[in-house]
Structures are given as structure tokens and as C-alpha cells.
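Q: Structure: upload-v3.cif, mmCIF, C-alpha atoms (C1' of nucleotides).
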data_protein
loop_
_atom_site.group_PDB
_atom_site.id
_atom_site.type_symbol
_atom_site.label_atom_id
_atom_site.label_comp_id
_atom_site.auth_asym_id
_atom_site.auth_seq_id
_atom_site.Cartn_x
_atom_site.Cartn_y
_atom_site.Cartn_z
ATOM 1 C CA MET F 1 104.843 77.264 117.930
ATOM 2 C CA LYS F 2 107.244 80.111 118.425
ATOM 3 C CA LYS F 3 110.214 77.898 117.704
ATOM 4 C CA ASN F 4 110.666 79.337 114.259
ATOM 5 C CA GLU F 5 109.070 82.224 112.474
ATOM 6 C CA LYS F 6 108.666 79.873 109.603
ATOM 7 C CA SER F 7 106.338 77.802 111.730
ATOM 8 C CA TYR F 8 103.923 80.664 111.519
ATOM 9 C CA SER F 9 101.332 79.706 108.975
ATOM 10 C CA PHE F 10 99.459 82.333 107.073
ATOM 11 C CA PHE F 11 96.414 80.332 108.046
ATOM 12 C CA ASP F 12 96.555 82.054 111.408
ATOM 13 C CA ASP F 13 96.882 85.379 109.649
ATOM 14 C CA VAL F 14 93.808 84.610 107.636
ATOM 15 C CA PHE F 15 91.865 83.851 110.807
ATOM 16 C CA GLU F 16 92.983 87.109 112.371
ATOM 17 C CA VAL F 17 92.099 89.204 109.348
ATOM 18 C CA VAL F 18 88.740 87.545 108.824
ATOM 19 C CA LYS F 19 87.878 88.011 112.470
ATOM 20 C CA LEU F 20 88.710 91.701 112.087
ATOM 21 C CA ILE F 21 86.161 92.125 109.317
ATOM 22 C CA PRO F 22 83.539 94.593 110.576
ATOM 23 C CA LYS F 23 79.943 93.473 110.741
ATOM 24 C CA GLY F 24 78.045 94.234 107.599
ATOM 25 C CA ARG F 25 81.222 94.231 105.547
ATOM 26 C CA VAL F 26 82.598 91.729 103.074
ATOM 27 C CA THR F 27 85.907 90.988 101.410
ATOM 28 C CA SER F 28 87.397 88.583 98.942
ATOM 29 C CA TYR F 29 89.872 85.755 99.286
ATOM 30 C CA GLY F 30 92.289 87.373 96.877
ATOM 31 C CA THR F 31 92.238 90.605 98.873
ATOM 32 C CA ILE F 32 93.173 88.829 102.076
ATOM 33 C CA ALA F 33 95.785 86.792 100.277
ATOM 34 C CA LYS F 34 97.215 89.925 98.761
ATOM 35 C CA TYR F 35 97.236 91.639 102.145
ATOM 36 C CA LEU F 36 99.186 88.698 103.524
ATOM 37 C CA GLY F 37 101.547 88.891 100.598
ATOM 38 C CA THR F 38 100.439 85.664 98.991
ATOM 39 C CA LYS F 39 98.142 87.081 96.354
ATOM 40 C CA MET F 40 98.754 84.091 94.139
ATOM 41 C CA SER F 41 97.688 81.701 96.862
ATOM 42 C CA ALA F 42 94.151 82.954 97.193
ATOM 43 C CA ARG F 43 93.044 79.336 97.140
ATOM 44 C CA MET F 44 94.800 78.720 100.421
ATOM 45 C CA VAL F 45 92.727 81.458 102.014
ATOM 46 C CA GLY F 46 89.556 79.628 101.153
ATOM 47 C CA TRP F 47 91.165 76.417 102.289
ATOM 48 C CA ALA F 48 92.056 78.045 105.566
ATOM 49 C CA MET F 49 88.455 79.127 105.936
ATOM 50 C CA ASN F 50 87.328 75.554 105.654
ATOM 51 C CA ALA F 51 89.487 74.569 108.603
ATOM 52 C CA ALA F 52 88.726 77.869 110.309
ATOM 53 C CA HIS F 53 84.961 77.717 110.448
ATOM 54 C CA THR F 54 85.195 74.128 111.630
ATOM 55 C CA HIS F 55 87.654 74.789 114.427
ATOM 56 C CA THR F 56 87.496 78.487 115.230
ATOM 57 C CA LYS F 57 84.825 81.128 115.275
ATOM 58 C CA VAL F 58 85.541 82.838 112.005
ATOM 59 C CA PRO F 59 82.974 84.864 110.060
ATOM 60 C CA ALA F 60 83.715 83.012 106.879
ATOM 61 C CA HIS F 61 80.379 84.197 105.563
ATOM 62 C CA ARG F 62 81.922 87.655 105.207
ATOM 63 C CA VAL F 63 84.527 86.295 102.854
ATOM 64 C CA LEU F 64 83.521 85.885 99.243
ATOM 65 C CA ASN F 65 85.258 85.557 95.941
ATOM 66 C CA ARG F 66 86.146 88.543 93.784
ATOM 67 C CA ASN F 67 82.755 88.315 92.079
ATOM 68 C CA GLY F 68 81.045 88.892 95.420
ATOM 69 C CA LEU F 69 79.494 85.473 94.983
ATOM 70 C CA LEU F 70 78.846 83.201 97.951
ATOM 71 C CA THR F 71 81.064 80.502 96.573
ATOM 72 C CA GLY F 72 81.576 78.761 99.888
ATOM 73 C CA LYS F 73 77.988 78.738 101.031
ATOM 74 C CA HIS F 74 77.765 75.095 100.183
ATOM 75 C CA HIS F 75 80.482 74.382 102.720
ATOM 76 C CA PHE F 76 78.546 75.862 105.617
ATOM 77 C CA GLU F 77 76.327 74.005 108.012
ATOM 78 C CA THR F 78 73.483 74.767 105.673
ATOM 79 C CA PRO F 79 73.532 76.091 102.098
ATOM 80 C CA THR F 80 71.540 79.101 103.236
ATOM 81 C CA ALA F 81 73.502 79.787 106.439
ATOM 82 C CA MET F 82 75.938 82.081 104.689
ATOM 83 C CA GLN F 83 73.327 84.184 102.961
ATOM 84 C CA ASP F 84 71.135 84.236 106.026
ATOM 85 C CA ARG F 85 73.958 85.510 108.204
ATOM 86 C CA LEU F 86 74.927 88.177 105.715
ATOM 87 C CA GLU F 87 71.363 89.426 105.450
ATOM 88 C CA LYS F 88 71.147 89.290 109.215
ATOM 89 C CA GLU F 89 74.100 91.665 109.398
ATOM 90 C CA GLY F 90 72.485 94.025 106.938
ATOM 91 C CA VAL F 91 74.154 92.740 103.801
ATOM 92 C CA LYS F 92 71.692 92.241 101.001
ATOM 93 C CA VAL F 93 72.237 89.092 99.016
ATOM 94 C CA GLU F 94 70.536 88.275 95.757
ATOM 95 C CA ASN F 95 71.017 85.156 93.738
ATOM 96 C CA ASP F 96 73.941 84.105 95.954
ATOM 97 C CA GLN F 97 75.584 87.410 95.193
ATOM 98 C CA VAL F 98 76.171 90.350 97.544
ATOM 99 C CA VAL F 99 74.395 93.516 96.473
ATOM 100 C CA GLU F 100 76.611 96.594 96.408
ATOM 101 C CA PHE F 101 79.508 94.261 96.997
ATOM 102 C CA LYS F 102 81.834 96.956 95.758
ATOM 103 C CA LYS F 103 80.420 99.371 98.321
ATOM 104 C CA LEU F 104 80.548 96.933 101.224
ATOM 105 C CA PHE F 105 83.977 95.798 100.212
ATOM 106 C CA TRP F 106 86.418 95.810 103.133
ATOM 107 C CA ASP F 107 90.063 96.271 102.298
ATOM 108 C CA PRO F 108 92.378 95.351 105.220
ATOM 109 C CA SER F 109 95.250 97.291 103.715
ATOM 110 C CA ILE F 110 93.068 100.406 103.870
ATOM 111 C CA GLU F 111 90.842 99.884 106.903
ATOM 112 C CA LEU F 112 93.626 98.461 109.048
ATOM 113 C CA PHE F 113 96.277 100.563 107.381
ATOM 114 C "C1'" DG O 1 106.107 59.148 100.158
ATOM 115 C "C1'" DG O 2 103.903 60.618 95.722
ATOM 116 C "C1'" DT O 3 99.684 62.424 93.727
ATOM 117 C "C1'" DC O 4 95.398 65.061 93.556
ATOM 118 C "C1'" DT O 5 92.332 68.187 94.834
ATOM 119 C "C1'" DG O 6 90.610 72.560 96.626
ATOM 120 C "C1'" DA O 7 85.410 78.048 99.292
ATOM 121 C "C1'" DC O 8 90.628 81.454 93.938
ATOM 122 C "C1'" DC O 9 92.791 84.849 90.714
ATOM 123 C "C1'" DG O 10 94.859 86.579 86.689
ATOM 124 C "C1'" DG O 11 96.371 86.143 82.098
ATOM 125 C "C1'" DC O 12 95.850 84.573 77.419
ATOM 126 C "C1'" DG O 13 93.331 82.662 73.057
ATOM 127 C "C1'" DA H 1 83.277 89.210 75.559
ATOM 128 C "C1'" DC H 2 83.639 84.307 76.947
ATOM 129 C "C1'" DG H 3 86.337 80.209 77.977
ATOM 130 C "C1'" DC H 4 90.363 77.730 79.206
ATOM 131 C "C1'" DC H 5 94.714 77.096 81.604
ATOM 132 C "C1'" DG H 6 98.396 77.708 84.784
ATOM 133 C "C1'" DG H 7 100.014 78.833 89.519
ATOM 134 C "C1'" DC H 8 100.536 78.807 94.577
ATOM 135 C "C1'" DC H 9 100.366 76.017 99.435
ATOM 136 C "C1'" DA H 10 98.684 72.705 102.352
ATOM 137 C "C1'" DG H 11 96.008 68.779 103.665
ATOM 138 C "C1'" DA H 12 94.014 64.082 102.584
ATOM 139 C "C1'" DC H 13 94.242 59.320 100.391
#
Please, can you express the file's structure as C-alpha cells?

A:
Amino acid sequence: MKKNEKSYSFFDDVFEVVKLIPKGRVTSYGTIAKYLGTKMSARMVGWAMNAAHTHTKVPAHRVLNRNGLLTGKHHFETPTAMQDRLEKEGVKVENDQVVEFKKLFWDPSIELF
DNA sequence: GGTCTGACCGGCG
DNA sequence: ACGCCGGCCAGAC
């Protein structure tokens, strides 16, 4: 794993960042991707989430698309798991969309500095 | 080993 | 303002 720095996949970075997301906060795939330096590869972030939530404990429900829409809710154990968890953490969700998404937005480049 | 898709984003018509 | 298309990386068939 530590053989080469190149071996380091940004997938692991995604897991780390997502796990650092405070409870009751949300972010977008593009934001994480941008924070990792691969803003163009926002798709990979979502892809990483797929593998992440299946293998590791990653709050993928706190990660949404730039619209604040629960795009990946259909990939959870249940279609309502994502929304249910968000509401459980105090995040209001309406019509598969996070209310005050802009306000609850969590920017790693700012929060983590 | 080549091809396609995928939980996205940004730009252009 | 809405809709379409291209791009990036990695995994699956």
C-alpha cells in the first residue's frame, strides 16, 4: 500500500473527507472532488461512495449533488434510508431535496482549512 | 484486453 | 431559461 505514492487512491481521501463531515451537515460530490484536486472527476466521488458505504462506515447520506438533491438515495439499503438519516440528524429534507442546503453546506477547504 | 457505464459538474446552443 | 454534450477515473462484463 505504501509502496508508491501513486498507489494512493483518492477513494481513500473521499472516505476520510466524508467521515469528517459533521453531523447535521451536507456537502456535494463536486466540492469533495475539488478539495481533492480532481474537480472534474466528481463522478468518481460518487462511485467511491458506492464502494464506501458497502465496505466502510461512511455517511454517504451527507453527500449530495450540487443541487442538494438526494441523488444516491436509491443506492442505499432502502430508498428512504438517506432521507431518514438526514432528518434524524436534524437536516430537513423535502421532495428528496435538502432544505437550506446552502446553509448546511460543509466546505472541507473552509472547515478543515 | 477493449468497451461501457456510473450516486457528477460545467460549458455551450 | 432549458437541454444537450463532453470530460475525468475506475470498476465490471

Q: Determine which residues of chain F sit within 7 Å of chain O, taking into account all atoms listed in the file, and present them as a ChimeraX atom specification.

A: /F:29-30,40,42-43,46-47,71-72

Q: Grab the atom CA of F:Arg85 to atom C1' of H:DC9 distance for me, in Å with one decimal place.

A: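 Value for the atom CA of F:Arg85-atom C1' of H:DC9 distance: 29.4 Å.
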
Q: Residues of chain H within 9 Å of chain F, counting only C-alpha atoms (C1' of nucleotides) - could you list those as a PDB file with C-alpha atoms (C1' of nucleotides), in the frame of the given file?

A:
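This is the output file selection_29.pdb:
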ATOM      1  C1'  DG H   7     100.014  78.833  89.519  1.00  0.00           C
ATOM      2  C1'  DC H   8     100.536  78.807  94.577  1.00  0.00           C
ATOM      3  C1'  DC H   9     100.366  76.017  99.435  1.00  0.00           C
ATOM      4  C1'  DA H  10      98.684  72.705 102.352  1.00  0.00           C
TER       5       DA H  10
END

Q: Take the PyMOL selection byres ((chain F and resi 76) around 10), apply it to the structure above, and return the hits as a list in words.

A: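 Taken on the displayed file, the PyMOL selection byres ((chain F and resi 76) around 10) yields the residues Asn50, His53, Thr54, Ala60, His61, Gly72, Lys73, His74, His75, Glu77, Thr78, Pro79, Thr80, Ala81 and Met82 of chain F; DA7 of chain O.
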
Q: Would you place a box with edges along x, y and z of the file around all atoms of stretch 6-12 of chain H listed there, add 8 Å to each of its six sides, and report the centre and edge lengths in Å to one decimal, as AutoDock Vina command-line options?

A:
--center_x 97.3 --center_y 71.5 --center_z 94.2 --size_x 22.5 --size_y 30.8 --size_z 34.9

Q: Which residue is closest to F:Gly90? Choose from F:Pro108, F:Gly24, F:Gly68, F:Pro59 and count all atoms listed in the file.

A: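 The shortest atom-to-atom distance to F:Gly90 comes from F:Gly24.
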
Q: I need the output of the PyMOL selection byres ((chain F and resi 96-104) around 10) for this file as a ChimeraX atom specification; which residues are they?

A: /F:24-28,62,64-71,73,80,82-83,86-87,91-95,105-107

Q: To one decimal place in Å, what is the distance between atom CA of F:Asp84 and atom CA of F:Ala33?

A: 25.4 Å

Q: Just give me the gap between atom CA of F:Val14 and atom CA of F:Leu36 in Å, one decimal is fine.

A: 7.9 Å
